Every structure is written in C-alpha cells, then in structure tokens.
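Asks: Have a peek at coords11.cif (mmCIF, C-alpha atoms).
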data_data
loop_
_atom_site.group_PDB
_atom_site.id
_atom_site.type_symbol
_atom_site.label_atom_id
_atom_site.label_comp_id
_atom_site.auth_asym_id
_atom_site.auth_seq_id
_atom_site.Cartn_x
_atom_site.Cartn_y
_atom_site.Cartn_z
ATOM 1 C CA MET A 1 24.971 11.232 -12.712
ATOM 2 C CA LEU A 2 22.774 9.198 -10.383
ATOM 3 C CA LEU A 3 21.275 7.251 -13.300
ATOM 4 C CA ALA A 4 24.760 6.456 -14.609
ATOM 5 C CA THR A 5 25.747 5.233 -11.157
ATOM 6 C CA PHE A 6 22.735 2.905 -11.063
ATOM 7 C CA LYS A 7 23.605 1.490 -14.483
ATOM 8 C CA LEU A 8 27.190 0.912 -13.434
ATOM 9 C CA CYS A 9 26.205 -0.756 -10.161
ATOM 10 C CA ALA A 10 23.607 -3.016 -11.754
ATOM 11 C CA GLY A 11 25.959 -3.924 -14.565
ATOM 12 C CA SER A 12 23.333 -3.077 -17.161
ATOM 13 C CA SER A 13 25.562 -0.628 -19.012
ATOM 14 C CA TYR A 14 27.826 -3.491 -20.200
ATOM 15 C CA ARG A 15 26.745 -5.198 -23.412
ATOM 16 C CA TYR A 16 27.784 -8.688 -22.337
ATOM 17 C CA MET A 17 25.612 -8.449 -19.237
ATOM 18 C CA ARG A 18 22.374 -7.326 -20.848
ATOM 19 C CA ASN A 19 21.317 -10.919 -21.430
ATOM 20 C CA MET A 20 21.821 -11.816 -17.766
ATOM 21 C CA LYS A 21 18.161 -11.242 -16.974
ATOM 22 C CA GLY A 22 18.344 -12.550 -13.429
ATOM 23 C CA VAL A 23 21.229 -10.239 -12.521
ATOM 24 C CA ARG A 24 19.410 -7.244 -13.974
ATOM 25 C CA HIS A 25 16.195 -8.102 -12.131
ATOM 26 C CA GLN A 26 17.895 -8.604 -8.793
ATOM 27 C CA ALA A 27 19.870 -5.377 -9.196
ATOM 28 C CA VAL A 28 16.634 -3.496 -9.921
ATOM 29 C CA ARG A 29 15.053 -5.016 -6.830
ATOM 30 C CA ALA A 30 18.079 -4.079 -4.719
ATOM 31 C CA ILE A 31 17.856 -0.447 -5.826
ATOM 32 C CA GLY A 32 14.108 -0.389 -5.168
ATOM 33 C CA GLN A 33 14.627 -1.783 -1.686
ATOM 34 C CA GLU A 34 17.212 0.876 -0.892
ATOM 35 C CA LEU A 35 14.873 3.624 -2.122
ATOM 36 C CA ASN A 36 12.240 2.366 0.312
ATOM 37 C CA ARG A 37 14.765 2.325 3.138
ATOM 38 C CA ARG A 38 15.488 5.984 2.418
ATOM 39 C CA ALA A 39 11.767 6.867 2.588
ATOM 40 C CA LEU A 40 11.477 5.188 5.984
ATOM 41 C CA GLY A 41 14.687 6.633 7.404
ATOM 42 C CA GLY A 42 17.563 4.773 5.759
ATOM 43 C CA PRO A 43 21.228 5.737 5.376
ATOM 44 C CA ALA A 44 22.589 8.702 3.438
ATOM 45 C CA PRO A 45 22.696 8.494 -0.394
ATOM 46 C CA SER A 46 26.440 7.907 -0.623
ATOM 47 C CA THR A 47 26.142 5.019 1.818
ATOM 48 C CA TRP A 48 23.354 3.107 0.111
ATOM 49 C CA ILE A 49 24.754 3.715 -3.412
ATOM 50 C CA ASN A 50 28.023 2.167 -2.257
ATOM 51 C CA GLN A 51 26.099 -0.741 -0.758
ATOM 52 C CA VAL A 52 24.375 -1.419 -4.094
ATOM 53 C CA CYS A 53 27.723 -1.207 -5.905
ATOM 54 C CA ARG A 54 29.312 -3.696 -3.508
ATOM 55 C CA ARG A 55 26.508 -6.157 -4.254
ATOM 56 C CA ARG A 56 27.489 -6.296 -7.930
ATOM 57 C CA SER A 57 30.404 -8.670 -7.456
ATOM 58 C CA SER A 58 28.375 -11.069 -5.321
ATOM 59 C CA LEU A 59 25.545 -11.059 -7.856
ATOM 60 C CA LEU A 60 27.969 -12.033 -10.634
ATOM 61 C CA GLY A 61 29.855 -14.648 -8.651
ATOM 62 C CA SER A 62 27.040 -16.702 -7.138
ATOM 63 C CA ARG A 63 23.936 -18.528 -8.271
ATOM 64 C CA LEU A 64 20.732 -16.566 -7.910
ATOM 65 C CA GLU A 65 18.523 -18.062 -5.238
ATOM 66 C CA GLU A 66 15.620 -15.631 -5.359
ATOM 67 C CA THR A 67 12.714 -15.868 -7.775
ATOM 68 C CA LEU A 68 13.318 -14.225 -11.144
ATOM 69 C CA TYR A 69 10.528 -11.883 -12.149
ATOM 70 C CA SER A 70 9.057 -11.206 -15.558
ATOM 71 C CA ASP A 71 9.054 -7.683 -16.938
ATOM 72 C CA GLN A 72 5.356 -7.390 -16.060
ATOM 73 C CA GLU A 73 6.001 -8.496 -12.483
ATOM 74 C CA LEU A 74 8.824 -5.994 -12.164
ATOM 75 C CA ALA A 75 6.465 -3.310 -13.449
ATOM 76 C CA TYR A 76 3.933 -4.209 -10.742
ATOM 77 C CA ILE A 77 6.641 -4.114 -8.058
ATOM 78 C CA GLN A 78 7.814 -0.719 -9.264
ATOM 79 C CA GLN A 79 4.241 0.600 -9.395
ATOM 80 C CA GLY A 80 3.613 -0.486 -5.809
ATOM 81 C CA GLU A 81 6.818 1.125 -4.591
ATOM 82 C CA GLU A 82 6.043 4.335 -6.469
ATOM 83 C CA ALA A 83 2.591 4.410 -4.857
ATOM 84 C CA MET A 84 4.236 4.062 -1.449
ATOM 85 C CA GLN A 85 6.737 6.868 -2.098
ATOM 86 C CA LYS A 86 4.032 9.224 -3.368
ATOM 87 C CA ALA A 87 1.601 8.445 -0.540
ATOM 88 C CA LEU A 88 4.280 8.929 2.121
ATOM 89 C CA GLY A 89 5.217 12.206 0.479
ATOM 90 C CA ILE A 90 1.621 13.422 0.780
ATOM 91 C CA LEU A 91 1.426 12.390 4.435
ATOM 92 C CA SER A 92 4.723 14.075 5.254
ATOM 93 C CA ASP A 93 3.373 17.463 4.135
ATOM 94 C CA GLN A 94 1.528 18.783 7.190
ATOM 95 C CA GLU A 95 0.264 21.958 5.519
ATOM 96 C CA GLY A 96 -3.259 22.494 4.200
ATOM 97 C CA TRP A 97 -5.171 19.740 5.990
ATOM 98 C CA LYS A 98 -8.783 20.537 6.942
ATOM 99 C CA LYS A 99 -10.967 18.692 9.442
ATOM 100 C CA GLU A 100 -13.751 16.586 7.889
ATOM 101 C CA ASN A 101 -14.838 14.471 10.847
ATOM 102 C CA GLN A 102 -13.995 14.371 14.557
ATOM 103 C CA GLN A 103 -15.192 11.602 16.890
ATOM 104 C CA ALA A 104 -15.544 11.712 20.673
ATOM 105 C CA ASN A 105 -12.906 8.961 21.045
ATOM 106 C CA GLY A 106 -10.299 11.078 19.252
ATOM 107 C CA ASP A 107 -10.615 9.520 15.785
ATOM 108 C CA LYS A 108 -10.438 12.186 13.121
ATOM 109 C CA VAL A 109 -10.554 12.530 9.355
ATOM 110 C CA LEU A 110 -8.702 15.353 7.593
ATOM 111 C CA SER A 111 -8.635 16.255 3.910
ATOM 112 C CA LYS A 112 -6.712 18.364 1.434
ATOM 113 C CA VAL A 113 -6.447 18.843 -2.317
ATOM 114 C CA VAL A 114 -3.164 17.612 -3.770
ATOM 115 C CA PRO A 115 -2.025 18.758 -7.245
ATOM 116 C CA ASP A 116 -2.214 15.998 -9.881
ATOM 117 C CA VAL A 117 -3.962 13.721 -7.366
ATOM 118 C CA GLY A 118 -7.136 15.486 -6.256
ATOM 119 C CA LYS A 119 -8.817 15.413 -2.864
ATOM 120 C CA VAL A 120 -7.332 12.976 -0.375
ATOM 121 C CA PHE A 121 -8.539 11.925 3.071
ATOM 122 C CA ARG A 122 -6.417 11.185 6.133
ATOM 123 C CA LEU A 123 -7.669 9.072 9.036
ATOM 124 C CA GLU A 124 -5.762 9.250 12.324
ATOM 125 C CA VAL A 125 -6.675 6.820 15.115
ATOM 126 C CA VAL A 126 -5.186 4.967 18.048
ATOM 127 C CA VAL A 127 -6.104 1.288 18.387
ATOM 128 C CA ASP A 128 -5.736 -0.417 21.770
ATOM 129 C CA GLN A 129 -3.959 -3.416 20.258
ATOM 130 C CA PRO A 130 -0.301 -4.186 19.433
ATOM 131 C CA MET A 131 0.833 -3.449 15.892
ATOM 132 C CA GLU A 132 1.435 -7.144 15.145
ATOM 133 C CA ARG A 133 -2.275 -7.846 15.514
ATOM 134 C CA LEU A 134 -3.212 -5.090 13.092
ATOM 135 C CA TYR A 135 -0.602 -6.276 10.606
ATOM 136 C CA GLU A 136 -1.912 -9.821 10.778
ATOM 137 C CA GLU A 137 -5.499 -8.696 10.148
ATOM 138 C CA LEU A 138 -4.755 -6.147 7.414
ATOM 139 C CA VAL A 139 -2.023 -8.020 5.529
ATOM 140 C CA ASP A 140 -1.871 -11.719 6.384
ATOM 141 C CA ARG A 141 -5.664 -12.068 6.525
ATOM 142 C CA MET A 142 -6.532 -9.472 3.900
ATOM 143 C CA GLU A 143 -8.961 -11.758 2.076
ATOM 144 C CA ALA A 144 -11.038 -12.145 5.256
ATOM 145 C CA MET A 145 -11.835 -8.413 5.455
ATOM 146 C CA GLY A 146 -15.316 -8.974 4.063
ATOM 147 C CA GLU A 147 -16.114 -10.960 7.225
ATOM 148 C CA TRP A 148 -15.836 -7.936 9.502
ATOM 149 C CA ASN A 149 -15.998 -4.811 7.329
ATOM 150 C CA PRO A 150 -19.517 -4.380 5.898
ATOM 151 C CA ASN A 151 -18.191 -1.801 3.421
ATOM 152 C CA VAL A 152 -16.307 -4.613 1.677
ATOM 153 C CA LYS A 153 -18.045 -7.544 0.048
ATOM 154 C CA GLU A 154 -14.916 -9.367 -1.006
ATOM 155 C CA ILE A 155 -11.165 -9.008 -1.427
ATOM 156 C CA LYS A 156 -9.332 -11.585 -3.502
ATOM 157 C CA VAL A 157 -5.607 -11.855 -4.128
ATOM 158 C CA LEU A 158 -5.195 -12.344 -7.880
ATOM 159 C CA GLN A 159 -1.417 -12.678 -7.909
ATOM 160 C CA LYS A 160 1.365 -12.646 -5.345
ATOM 161 C CA ILE A 161 4.742 -11.303 -6.443
ATOM 162 C CA GLY A 162 7.570 -11.979 -4.037
ATOM 163 C CA LYS A 163 7.001 -11.393 -0.350
ATOM 164 C CA ASP A 164 5.865 -7.762 -0.495
ATOM 165 C CA THR A 165 3.612 -7.253 -3.524
ATOM 166 C CA VAL A 166 0.142 -8.526 -4.467
ATOM 167 C CA ILE A 167 -2.499 -7.755 -7.092
ATOM 168 C CA THR A 168 -5.991 -7.673 -5.599
ATOM 169 C CA HIS A 169 -9.602 -7.375 -6.685
ATOM 170 C CA GLU A 170 -11.921 -5.665 -4.209
ATOM 171 C CA LEU A 171 -15.698 -5.583 -4.499
ATOM 172 C CA ALA A 172 -17.147 -2.769 -2.397
ATOM 173 C CA ALA A 173 -20.593 -2.861 -0.836
ATOM 174 C CA GLU A 174 -23.201 -0.302 -1.789
ATOM 175 C CA SER A 175 -23.355 2.659 0.559
ATOM 176 C CA ALA A 176 -26.219 3.292 2.953
ATOM 177 C CA GLY A 177 -29.290 4.522 1.126
ATOM 178 C CA ASN A 178 -27.696 3.338 -2.131
ATOM 179 C CA LEU A 179 -26.054 6.754 -2.547
ATOM 180 C CA VAL A 180 -23.124 5.036 -4.220
ATOM 181 C CA GLY A 181 -23.801 1.939 -6.316
ATOM 182 C CA PRO A 182 -21.579 -1.153 -6.597
ATOM 183 C CA ARG A 183 -17.908 -0.464 -7.300
ATOM 184 C CA ASP A 184 -14.897 -2.667 -7.687
ATOM 185 C CA PHE A 185 -11.147 -2.029 -7.700
ATOM 186 C CA VAL A 186 -8.104 -3.760 -9.138
ATOM 187 C CA SER A 187 -5.017 -2.646 -7.253
ATOM 188 C CA VAL A 188 -1.351 -3.365 -6.751
ATOM 189 C CA ARG A 189 -0.470 -3.414 -3.049
ATOM 190 C CA CYS A 190 2.822 -3.658 -1.230
ATOM 191 C CA ALA A 191 3.755 -3.943 2.419
ATOM 192 C CA LYS A 192 7.085 -2.813 3.870
ATOM 193 C CA ARG A 193 8.385 -3.060 7.417
ATOM 194 C CA ARG A 194 11.204 -0.913 8.744
ATOM 195 C CA GLY A 195 11.965 -1.305 12.417
ATOM 196 C CA SER A 196 8.800 -0.602 14.388
ATOM 197 C CA THR A 197 6.991 1.002 11.430
ATOM 198 C CA CYS A 198 4.872 -0.790 8.860
ATOM 199 C CA VAL A 199 3.586 0.805 5.643
ATOM 200 C CA LEU A 200 0.849 -0.729 3.490
ATOM 201 C CA ALA A 201 0.463 1.047 0.154
ATOM 202 C CA GLY A 202 -1.268 0.637 -3.180
ATOM 203 C CA MET A 203 -2.895 2.140 -6.236
ATOM 204 C CA ALA A 204 -5.044 1.168 -9.211
ATOM 205 C CA THR A 205 -3.495 -1.075 -11.837
ATOM 206 C CA HIS A 206 -4.435 -3.091 -14.911
ATOM 207 C CA PHE A 207 -4.683 -6.867 -14.657
ATOM 208 C CA GLU A 208 -5.676 -8.561 -17.875
ATOM 209 C CA GLU A 209 -7.282 -11.553 -16.155
ATOM 210 C CA MET A 210 -9.735 -9.289 -14.260
ATOM 211 C CA PRO A 211 -11.718 -7.238 -16.820
ATOM 212 C CA GLU A 212 -14.524 -4.901 -15.821
ATOM 213 C CA GLN A 213 -17.619 -6.656 -14.478
ATOM 214 C CA LYS A 214 -21.120 -6.171 -15.848
ATOM 215 C CA GLY A 215 -23.251 -3.947 -13.611
ATOM 216 C CA VAL A 216 -20.260 -2.820 -11.527
ATOM 217 C CA ILE A 217 -18.375 0.452 -12.008
ATOM 218 C CA ARG A 218 -14.586 0.022 -12.002
ATOM 219 C CA ALA A 219 -13.368 2.709 -9.598
ATOM 220 C CA GLU A 220 -9.708 3.515 -8.958
ATOM 221 C CA HIS A 221 -7.493 3.997 -5.934
ATOM 222 C CA GLY A 222 -4.911 6.744 -6.277
ATOM 223 C CA PRO A 223 -1.741 6.498 -4.220
ATOM 224 C CA THR A 224 -3.004 5.318 -0.834
ATOM 225 C CA CYS A 225 -1.351 3.882 2.251
ATOM 226 C CA MET A 226 -1.698 2.919 5.893
ATOM 227 C CA VAL A 227 1.128 3.614 8.330
ATOM 228 C CA LEU A 228 1.246 1.567 11.540
ATOM 229 C CA HIS A 229 3.586 2.074 14.467
ATOM 230 C CA PRO A 230 3.460 1.582 18.252
ATOM 231 C CA LEU A 231 2.101 4.584 20.118
ATOM 232 C CA ALA A 232 4.906 6.504 21.789
ATOM 233 C CA GLY A 233 5.014 5.547 25.465
ATOM 234 C CA SER A 234 2.388 2.795 24.996
ATOM 235 C CA PRO A 235 3.824 0.013 22.832
ATOM 236 C CA SER A 236 0.720 -2.125 23.384
ATOM 237 C CA LYS A 237 -1.281 0.434 21.385
ATOM 238 C CA THR A 238 -0.961 1.294 17.693
ATOM 239 C CA LYS A 239 -1.141 4.626 15.882
ATOM 240 C CA LEU A 240 -2.831 4.081 12.522
ATOM 241 C CA THR A 241 -2.783 6.708 9.773
ATOM 242 C CA TRP A 242 -4.709 5.941 6.593
ATOM 243 C CA LEU A 243 -4.314 8.071 3.470
ATOM 244 C CA LEU A 244 -7.234 7.488 1.098
ATOM 245 C CA SER A 245 -7.187 8.714 -2.495
ATOM 246 C CA ILE A 246 -9.987 7.367 -4.655
ATOM 247 C CA ASP A 247 -11.884 8.070 -7.854
ATOM 248 C CA LEU A 248 -15.350 6.517 -7.588
ATOM 249 C CA LYS A 249 -16.115 7.259 -11.250
ATOM 250 C CA GLY A 250 -19.667 7.852 -12.433
ATOM 251 C CA TRP A 251 -21.723 11.002 -11.886
ATOM 252 C CA LEU A 252 -21.584 11.760 -8.170
ATOM 253 C CA PRO A 253 -21.865 15.176 -6.446
ATOM 254 C CA LYS A 254 -18.732 16.125 -4.528
ATOM 255 C CA THR A 255 -20.739 16.575 -1.320
ATOM 256 C CA ILE A 256 -21.834 12.929 -1.465
ATOM 257 C CA ILE A 257 -18.311 11.735 -2.254
ATOM 258 C CA ASN A 258 -16.843 13.674 0.682
ATOM 259 C CA GLN A 259 -19.502 12.381 3.044
ATOM 260 C CA VAL A 260 -19.173 8.757 1.947
ATOM 261 C CA LEU A 261 -15.370 8.612 1.995
ATOM 262 C CA SER A 262 -14.870 10.310 5.360
ATOM 263 C CA GLN A 263 -17.565 8.135 6.955
ATOM 264 C CA THR A 264 -16.054 5.030 5.376
ATOM 265 C CA GLN A 265 -12.785 5.747 7.149
ATOM 266 C CA VAL A 266 -14.470 6.308 10.507
ATOM 267 C CA ASP A 267 -16.492 3.111 10.093
ATOM 268 C CA PHE A 268 -13.371 1.178 9.162
ATOM 269 C CA ALA A 269 -11.650 2.107 12.432
ATOM 270 C CA ASN A 270 -14.680 1.008 14.459
ATOM 271 C CA HIS A 271 -15.067 -2.280 12.567
ATOM 272 C CA LEU A 272 -11.345 -3.022 12.929
ATOM 273 C CA ARG A 273 -11.475 -2.445 16.683
ATOM 274 C CA HIS A 274 -14.497 -4.710 17.021
ATOM 275 C CA ARG A 275 -12.790 -7.431 14.988
ATOM 276 C CA LEU A 276 -9.631 -7.351 17.087
ATOM 277 C CA GLU A 277 -11.546 -7.261 20.369
ATOM 278 C CA SER A 278 -13.730 -10.194 19.307
ATOM 279 C CA LYS A 279 -10.713 -12.291 18.361
ATOM 280 C CA LEU A 280 -8.996 -11.445 21.639
ATOM 281 C CA ALA A 281 -12.097 -12.484 23.595
ATOM 282 C CA SER A 282 -12.307 -15.768 21.650
ATOM 283 C CA GLU A 283 -8.667 -16.507 22.353
ATOM 284 C CA ALA A 284 -9.181 -15.835 26.062
ATOM 285 C CA LYS A 285 -12.081 -18.282 26.187
ATOM 286 C CA GLY A 286 -10.104 -20.898 24.336
#
Before anything else, please render the file you have as structure tokens.
Replies:
Amino acid sequence: MLLATFKLCAGSSYRYMRNMKGVRHQAVRAIGQELNRRALGGPAPSTWINQVCRRRSSLLGSRLEETLYSDQELAYIQQGEEAMQKALGILSDQEGWKKENQQANGDKVLSKVVPDVGKVFRLEVVVDQPMERLYEELVDRMEAMGEWNPNVKEIKVLQKIGKDTVITHELAAESAGNLVGPRDFVSVRCAKRRGSTCVLAGMATHFEEMPEQKGVIRAEHGPTCMVLHPLAGSPSKTKLTWLLSIDLKGWLPKTIINQVLSQTQVDFANHLRHRLESKLASEAKG
C-alpha cells in the first residue's frame, strides 16, 4: 500500500509520465528527504505522505530549477541515505553496549556486535566548542583533515552530488608500530541538518574512477555516522557521538583490530579539540 502511494504521488505509475526523467528524479528526492525528516523527528506518516502528494501538481506545472541527477547519482544519494538510516538505527538501540575505553576527561568508547554488520564502536565525547565550528571542520573543510589528524594522510572529494552527498577517497596512515599497514577507503557520505542536530553518515561504495591502489589494501566502512548537537544546558559545547563500523580487510587478529579502532576514536577526539583550540587562538591573535 505504501509503495503504491509513493508511485501515485511521484506520478511514476502513469505511462505518459515515465519519460519525464526530471519529475521522477525530483519526486524520488522529495521522498528521500521526507524519510530523513522522519528519522530525525519529522511529522507523522500520514502528514508527510500528503505533503509529497501535494507536491505532484507543482512538479508538473513548473519548470524544474534543481539539478537533474543521473541514475548513478541517484543510486549514490540513496546509498548515503540508507547508510544514515541504518547507522541511526544502531545508535538508537541502547542495549548490549560494552565499554572498550574510558578516559579521565569523560571520553568513552563502547562496542557491540550487530547482526549482519559485525562489531561496531561508539565514541561519546563533549567538545568545548559550538556545533557550527565542528560542522565547518568536519564537513566544509573535510579535505583538510590530513593537516590535523595524523591517522589520516589524505581525504579527497571525488564527486559532489547536490548539496548533501559526496564521494570521497581516504588514505589512512599506518598505525603505530605498523600493526596495521596502509589502507584506503572509497565512501559515499551525506550530511543532514535538522534543527539543532547534524548527522554525518557514510559507507563504502564503488567509484569506477578510483580503482584499488598498488600496495594499499582497500578497506571498507560499514554504515557509520557522527551525530552533533549542542550539549543540553550548555549550547556553547557540543555532544559528539561517532558510530564506527569498518572492515580493515587482510589477516588481522581481532584483538589488534579492537585496540586500533577504539584508540583511533579516542585520538580523533583529542586531535579535533586541538585543531579547534588552535584555530580559536589564531583568530584571537588576528
């Protein structure tokens, strides 16, 4: 019934409309956007279905102003949104988490085994900076992460799709003691903002223009995300929750994987704080 409703609203169930590629694409995007609103606290199903239906007449009666996406681009957008939904679903389940790492400043890493996903890690920290600063550093300046995070050699945006979705290539640094050799990742990432909450999500994808590199193992991110929102009662501080799901590939003992991944999350929080504090100090001097 729900699928039939979507087809009716998008107009795709009518033969004469199937060639209207732009209308179909925008209708798909509209439905995807509403699904994300639901995940972050949107209106009830009957409300948002009616909203999508009401958009149909305006889509047919006006010129399309937004970029039309290819089928491959739509697939990337859908993959990013699916990664976000799945990652948020994992975070919302509070049962079964075990402590992996606890720092004196309150930073902690938890883990659990999720069916069909494997072992995932959850970092929970409070950063003494407004959320806008974290968003700027993690999203707007993503490609500069190698400047301040020694666990990352390079992040490059391979393709930008609309305002929310990008395809990236990340080259990770070797771990201390060379326990884990060079790895790289090709991922689809999307960023969504809903009120005072920001969600950054992603997962491994295939990008034909970035084949595997010689001497580097192509690892894969599972559904992963970061959730940012102002700390309750202290809007100048940000609560950051990072869900990490990763397959490093190769022959690695689980004890080494657990140690490396949990420490990577702790290190990330410290490096991010240092980066933000350094920029704030530079701005003050200027």
Asks: Apply the PyMOL selection byres ((chain A and resi 212) around 12) to the displayed file and report the matching residues as a list in words.
Replies: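 Applying the expression gives His169, Glu170, Leu171, Arg183, Asp184, Phe185, Val186, His206, Phe207, Glu208, Glu209, Met210, Pro211, Gln213, Lys214, Gly215, Val216, Ile217, Arg218, Ala219 and Glu220 of chain A.
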Asks: Counting all atoms listed in the file, which residues of segment 96-117 of chain A sit at most 10 Å from some atom of segment 258-262 of chain A, and what is each one's closest atom pair with its distance in Å to one decimal, listed by chain and rising residue number, as a Markdown table?
Replies:
| residue | atom | partner | partner_atom | distance |
| --- | --- | --- | --- | --- |
| A:Glu100 | CA | A:Ser262 | CA | 6.9 |
| A:Asn101 | CA | A:Ser262 | CA | 6.9 |
| A:Lys108 | CA | A:Ser262 | CA | 9.1 |
| A:Val109 | CA | A:Ser262 | CA | 6.3 |
| A:Leu110 | CA | A:Ser262 | CA | 8.3 |
| A:Ser111 | CA | A:Ser262 | CA | 8.7 |
Asks: Of the candidates A:Val188, A:Val127, A:Ala204, A:Val227, which one gets nearest to Gln159 of chain A if we count only C-alpha atoms?
Replies: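 Among the listed residues, A:Val188 lies closest to Gln159 of chain A.
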Asks: Could you tell me how far atom CA of Ser234 of chain A lies from atom CA of Asp164 of chain A, in Å and to one decimal?
Replies: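 So the answer is 27.8 Å.
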Asks: Provide the atom CA of Gln72 of chain A to atom CA of Ile161 of chain A distance in Å, to one decimal place.
Replies: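 About the pair atom CA of Gln72 of chain A and atom CA of Ile161 of chain A: they are 10.4 Å apart.
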Asks: Just so the selection is clear, what residues does the PyMOL selection byres ((chain A and resi 240) around 8) cover here, as a ChimeraX atom specification?
Replies: /A:123-127,226-229,238-239,241-242
Asks: Within 10 Å of Val113 of chain A, counting only C-alpha atoms, which residues show up once you throw out same-chain ones fewer than 6 positions away? Write them as a PyMOL selection string, please.
Replies: chain A and resi 96-98+119-121
Asks: Create the file for the chosen residues now, containing C-alpha atoms and written as a PDB file, in the frame of the given file.
Replies:
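Now in selection05.pdb:
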ATOM      1  CA  GLY A  96      -3.259  22.494   4.200  1.00  0.00           C
ATOM      2  CA  TRP A  97      -5.171  19.740   5.990  1.00  0.00           C
ATOM      3  CA  LYS A  98      -8.783  20.537   6.942  1.00  0.00           C
ATOM      4  CA  LYS A 119      -8.817  15.413  -2.864  1.00  0.00           C
ATOM      5  CA  VAL A 120      -7.332  12.976  -0.375  1.00  0.00           C
ATOM      6  CA  PHE A 121      -8.539  11.925   3.071  1.00  0.00           C
TER       7      PHE A 121
END
Asks: Mind giving me the straight-line distance from atom CA of Lys156 of chain A to atom CA of Thr224 of chain A in Å, one decimal?
Replies: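 Spanning atom CA of Lys156 of chain A to atom CA of Thr224 of chain A is a straight-line distance of 18.2 Å.
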Asks: Under the PyMOL selection byres ((chain A and resi 235) around 10), which residues of this model are included? Write them out as a PyMOL selection string.
Replies: chain A and resi 128-131+196+229-234+236-239
Asks: Write out as a ChimeraX atom specification the residues lying within 7 Å of segment 76-89 of chain A, counting all atoms listed in the file and excluding same-chain residues fewer than 4 positions away.
Replies: /A:39,72,93,165,188-190,201-203,223-225
Asks: As AutoDock Vina command-line options, please: the centre and edge lengths in Å, to one decimal, of an axis-aligned box enclosing every listed atom of segment 219-224 of chain A with 8 Å added on each side.
Replies:
--center_x -7.6 --center_y 4.7 --center_z -5.2 --size_x 27.6 --size_y 20.0 --size_z 24.8
Asks: Would you please work out which residue, of A:Leu280, A:Trp148, A:Arg141, A:Glu132, is nearest to Cys198 of chain A when using only C-alpha atoms?
Replies: A:Glu132
Asks: Compare A:Val152, A:Leu272, A:Val266, A:Ala173 by their minimum atom-to-atom distance to Ala104 of chain A, counting all atoms listed in the file, and give me the closest one.
Replies: A:Val266
